[in-house]
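Peer 1: Sharing a structure with you now.
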Amino acid sequence: KQEVTQIPAALSVPEGENLVLNCSFTDSAIYNLQWFRQDPGKGLTSLLLIQSSQREQTSGRLNASLDKSSGRSTLYIAASQPGDSATYLCAVWPGANSKLTFGKGITLSVRP
Amino acid sequence: ETGVTQSPTHLIKTRGQQVTLRCSSQSGHNTVSWYQQALGQGPQFIFQYYREEENGRGNFPPRFSGLQFPNYSSELNVNALELDDSALYLCASSLGGIAGAGEQYFGPGTRLTVT
C-alpha cells in the first residue's frame with residue numbers, strides 16, 4: 001500500500017528565504033508525482049507535475065525534483081513571499097485506472 | 001482557471017439525511033474522481049468514474065455512491081449521513097488512462113457539515 005509522508009506538518013519562515021518542502025513515498029512504482037497548493041477552505045491548485053522519467057520541473061520560483069529510486073521529492077521555493085503562505089500537498093499516481101495518493105500536506109507561513 | 005466547478009459551496013445537513021453534491025468537469029475530460037478531505041488531512045480517494053462507469057473505489061462504504069453523465073458532469077451521493085462525513089469534498093477531472101498522464105484538475109470543493 002502506497003503511503004506518502006510530508007514532514008514537518010508546519011513551517012514558518014521570514015520573507016525572502018529560500019526553502020525546501022519534502023515528500024517521501026513508500027512504493028517507487030509511480031507514473032508521476034504532483035505538487036498542489038491549497039489555501040484555507042479552498043480546492044487544490046496544481047503547481048507542478050513530474051513524470052517518472054523526469055528528474056525535475058520548474059515554474060517561476062518553484063522547482064520540484066523527483067528521485068524515484070529513493071522515494072523522495074522536494075519542492076523548492078525561491079525568495080519566499082507572504083503570498084506563498086498556504087498548505088502544500090504532494091500526491092503520487094501509480095498509473096492508469098489508479099488513484100492519487102496524497103500526503104497530509106505542509107502548512108507554510110511566510111512572515112513579512 | 002481549471003474549469004472544474006462544484007455546487008453547492010457549503011452545505012449543512014442533519015445526521016441521517018441524504019446529500020447530493022455536483023461537479024462539472026473540465027471540457028474534454030472523460031474521467032472524474034471524488035475525494036474527501038477531513039480537516040488537517042490529505043484528500044482521501046472515494047471513487048472514480050470513466051465514461052459513466054465506476055472505475056475504482058477507495059475504502060468508503062456503499063452509502064457513498066456516484067453517477068457520471070454523458071456530458072461528463074457527475075454527482076456524489078451520500079446516504080444516512082454521519083457526523084464523521086463532515087469534510088471538504090473535492091472532485092477532480094482528467095483525461096482517462098495513460099493518455100491523460102494522471103494530471104488531475106480540482107474544483108473548489110463543497111464544504112459539508114453534518115450536525
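Naming works like this for the C-alpha cells: A, B, ... for the chains as they're shown, residue 1 at the start of each chain, ligands 1 onward in shown order.
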With a distance cut-off of 10 Å and only C-alpha atoms, select the neighbouring residues of Pro43 of chain B, excluding the residue or stretch itself and same-chain residues fewer than 6 positions from it, and output the selection as a count of residues only.

Peer 2: 17

Peer 1: If you run DSSP over the backbone, which residues in segment 67-101 of chain A end up strand (DSSP E or B)? Put them as a compact mmCIF listing (two decimals) with N, CA and C atoms, in the first residue's frame.

Peer 2:
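Output file states09.txt is given in full below:
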# COMPACT_ATOMS: atom_id res chain seq x y z
N ASP A 67 13.22 11.83 -7.07
CA ASP A 67 14.16 10.72 -7.04
C ASP A 67 13.33 9.47 -6.76
N ARG A 72 11.59 9.92 -3.02
CA ARG A 72 11.59 11.27 -2.48
C ARG A 72 11.35 12.31 -3.57
N SER A 73 10.68 13.38 -3.14
CA SER A 73 10.52 14.55 -3.98
C SER A 73 10.69 15.79 -3.10
N THR A 74 11.21 16.84 -3.69
CA THR A 74 11.32 18.11 -2.97
C THR A 74 10.70 19.21 -3.81
N LEU A 75 10.09 20.16 -3.13
CA LEU A 75 9.60 21.38 -3.76
C LEU A 75 10.41 22.54 -3.21
N TYR A 76 11.13 23.19 -4.10
CA TYR A 76 11.99 24.31 -3.74
C TYR A 76 11.26 25.61 -4.08
N ILE A 77 11.16 26.49 -3.10
CA ILE A 77 10.54 27.79 -3.32
C ILE A 77 11.63 28.85 -3.12
N ALA A 86 0.38 28.97 2.54
CA ALA A 86 -0.66 28.03 2.12
C ALA A 86 -0.23 26.63 2.58
N THR A 87 -1.07 25.65 2.30
CA THR A 87 -0.68 24.25 2.53
C THR A 87 -0.25 23.65 1.21
N TYR A 88 0.87 22.95 1.24
CA TYR A 88 1.43 22.33 0.04
C TYR A 88 1.33 20.82 0.19
N LEU A 89 0.66 20.20 -0.78
CA LEU A 89 0.46 18.75 -0.75
C LEU A 89 1.16 18.10 -1.93
N CYS A 90 1.73 16.94 -1.70
CA CYS A 90 2.23 16.15 -2.82
C CYS A 90 1.37 14.91 -2.94
N ALA A 91 1.28 14.41 -4.16
CA ALA A 91 0.46 13.24 -4.43
C ALA A 91 1.15 12.41 -5.51
N VAL A 92 1.07 11.10 -5.38
CA VAL A 92 1.67 10.21 -6.38
C VAL A 92 0.57 9.45 -7.11
N TRP A 93 0.83 9.15 -8.38
CA TRP A 93 -0.12 8.42 -9.23
C TRP A 93 0.57 7.20 -9.78
N THR A 101 -2.61 9.29 -4.45
CA THR A 101 -2.43 9.12 -3.01
C THR A 101 -1.70 10.34 -2.49

Peer 1: For Leu67 of chain B, please output as a ChimeraX atom specification all residues within 7 Å (counting only C-alpha atoms; exclusion window: fewer than 2 positions along the same chain).

Peer 2: /B:52,69,74-76

Peer 1: If you keep N, CA, C and O atoms, can you produce a file of those selected residues as a compact mmCIF listing (two decimals), in the first residue's frame?

Peer 2:
# COMPACT_ATOMS: atom_id res chain seq x y z
N GLU B 52 -18.88 7.12 -17.62
CA GLU B 52 -20.13 6.80 -16.92
C GLU B 52 -20.10 5.50 -16.14
O GLU B 52 -21.13 5.08 -15.59
N PHE B 69 -22.51 11.56 -15.96
CA PHE B 69 -23.48 11.76 -17.04
C PHE B 69 -22.77 11.89 -18.39
O PHE B 69 -21.57 12.16 -18.43
N SER B 74 -20.96 15.12 -12.96
CA SER B 74 -21.12 13.98 -12.06
C SER B 74 -21.74 14.39 -10.75
O SER B 74 -21.83 15.59 -10.43
N GLU B 75 -22.17 13.38 -10.01
CA GLU B 75 -22.76 13.58 -8.69
C GLU B 75 -22.12 12.63 -7.69
O GLU B 75 -21.74 11.50 -8.05
N LEU B 76 -22.02 13.10 -6.47
CA LEU B 76 -21.67 12.25 -5.34
C LEU B 76 -22.87 12.25 -4.41
O LEU B 76 -23.34 13.32 -4.00

Peer 1: Distance cut-off 10 Å, counting only C-alpha atoms - which residues of chain B neighbour chain A? Return them as a PDB file with C-alpha atoms, in the first residue's frame.

Peer 2:
ATOM      1  CA  GLU B   1      -8.681  28.679 -14.062  1.00  0.00           C
ATOM      2  CA  THR B   2      -9.161  24.904 -14.108  1.00  0.00           C
ATOM      3  CA  THR B   9     -20.133  25.688  -1.957  1.00  0.00           C
ATOM      4  CA  THR B  31     -12.736  10.915 -16.039  1.00  0.00           C
ATOM      5  CA  SER B  33     -12.613  11.387  -9.266  1.00  0.00           C
ATOM      6  CA  TRP B  34     -14.099  12.303  -5.915  1.00  0.00           C
ATOM      7  CA  TYR B  35     -12.099  12.864  -2.732  1.00  0.00           C
ATOM      8  CA  GLN B  37     -10.705  15.816   2.858  1.00  0.00           C
ATOM      9  CA  LEU B  39      -9.625  18.922   8.474  1.00  0.00           C
ATOM     10  CA  GLY B  40      -5.842  18.710   8.646  1.00  0.00           C
ATOM     11  CA  GLN B  41      -5.670  15.646   6.397  1.00  0.00           C
ATOM     12  CA  GLY B  42      -4.807  14.996   2.794  1.00  0.00           C
ATOM     13  CA  PRO B  43      -7.649  14.150   0.401  1.00  0.00           C
ATOM     14  CA  GLN B  44      -8.806  10.521   0.513  1.00  0.00           C
ATOM     15  CA  PHE B  45      -9.962   8.842  -2.704  1.00  0.00           C
ATOM     16  CA  ILE B  46     -13.657   7.910  -2.734  1.00  0.00           C
ATOM     17  CA  PHE B  47     -14.166   6.657  -6.301  1.00  0.00           C
ATOM     18  CA  GLN B  48     -13.538   7.393  -9.936  1.00  0.00           C
ATOM     19  CA  TYR B  49     -15.837   7.350 -12.958  1.00  0.00           C
ATOM     20  CA  TYR B  50     -14.694   6.867 -16.527  1.00  0.00           C
ATOM     21  CA  ASN B  55     -13.620   2.700 -12.402  1.00  0.00           C
ATOM     22  CA  GLY B  56     -12.094   2.271  -8.957  1.00  0.00           C
ATOM     23  CA  ARG B  57     -13.192   2.808  -5.388  1.00  0.00           C
ATOM     24  CA  GLY B  58     -11.449   3.685  -2.170  1.00  0.00           C
ATOM     25  CA  LEU B  88     -14.445  19.143   2.230  1.00  0.00           C
ATOM     26  CA  TYR B  89     -15.478  17.104  -0.814  1.00  0.00           C
ATOM     27  CA  LEU B  90     -13.357  17.623  -3.889  1.00  0.00           C
ATOM     28  CA  CYS B  91     -13.895  16.471  -7.413  1.00  0.00           C
ATOM     29  CA  ALA B  92     -11.124  16.266  -9.974  1.00  0.00           C
ATOM     30  CA  GLY B  96      -8.614   8.824 -18.766  1.00  0.00           C
ATOM     31  CA  GLY B  97      -5.788   6.366 -18.795  1.00  0.00           C
ATOM     32  CA  ILE B  98      -2.142   6.943 -19.569  1.00  0.00           C
ATOM     33  CA  ALA B  99      -3.084   9.441 -22.262  1.00  0.00           C
ATOM     34  CA  GLY B 100      -4.059  11.808 -19.500  1.00  0.00           C
ATOM     35  CA  ALA B 101      -0.906  11.002 -17.555  1.00  0.00           C
ATOM     36  CA  GLY B 102      -2.928  11.241 -14.385  1.00  0.00           C
ATOM     37  CA  GLU B 103      -2.873  15.000 -14.177  1.00  0.00           C
ATOM     38  CA  GLN B 104      -5.980  15.947 -12.292  1.00  0.00           C
ATOM     39  CA  TYR B 105      -7.659  19.302 -12.126  1.00  0.00           C
ATOM     40  CA  PHE B 106      -9.540  20.017  -8.942  1.00  0.00           C
ATOM     41  CA  GLY B 107     -12.662  22.012  -8.292  1.00  0.00           C
ATOM     42  CA  PRO B 108     -13.055  24.425  -5.371  1.00  0.00           C
ATOM     43  CA  GLY B 109     -14.795  21.821  -3.219  1.00  0.00           C
ATOM     44  CA  THR B 110     -18.031  21.566  -1.257  1.00  0.00           C
ATOM     45  CA  ARG B 111     -17.822  22.021   2.498  1.00  0.00           C
TER      46      ARG B 111
END

Peer 1: Kindly give the distance, in Å, that separates atom CA of Glu3 of chain A and atom CA of Leu66 of chain A, rounded to a single decimal.

Peer 2: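 Atom CA of Glu3 of chain A sits 16.0 Å away from atom CA of Leu66 of chain A.
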
Peer 1: From the options B:Thr113, B:Ser7, B:Gln68, B:Asn77, which residue's atoms come nearest to Val19 of chain B, counting only C-alpha atoms?

Peer 2: B:Asn77
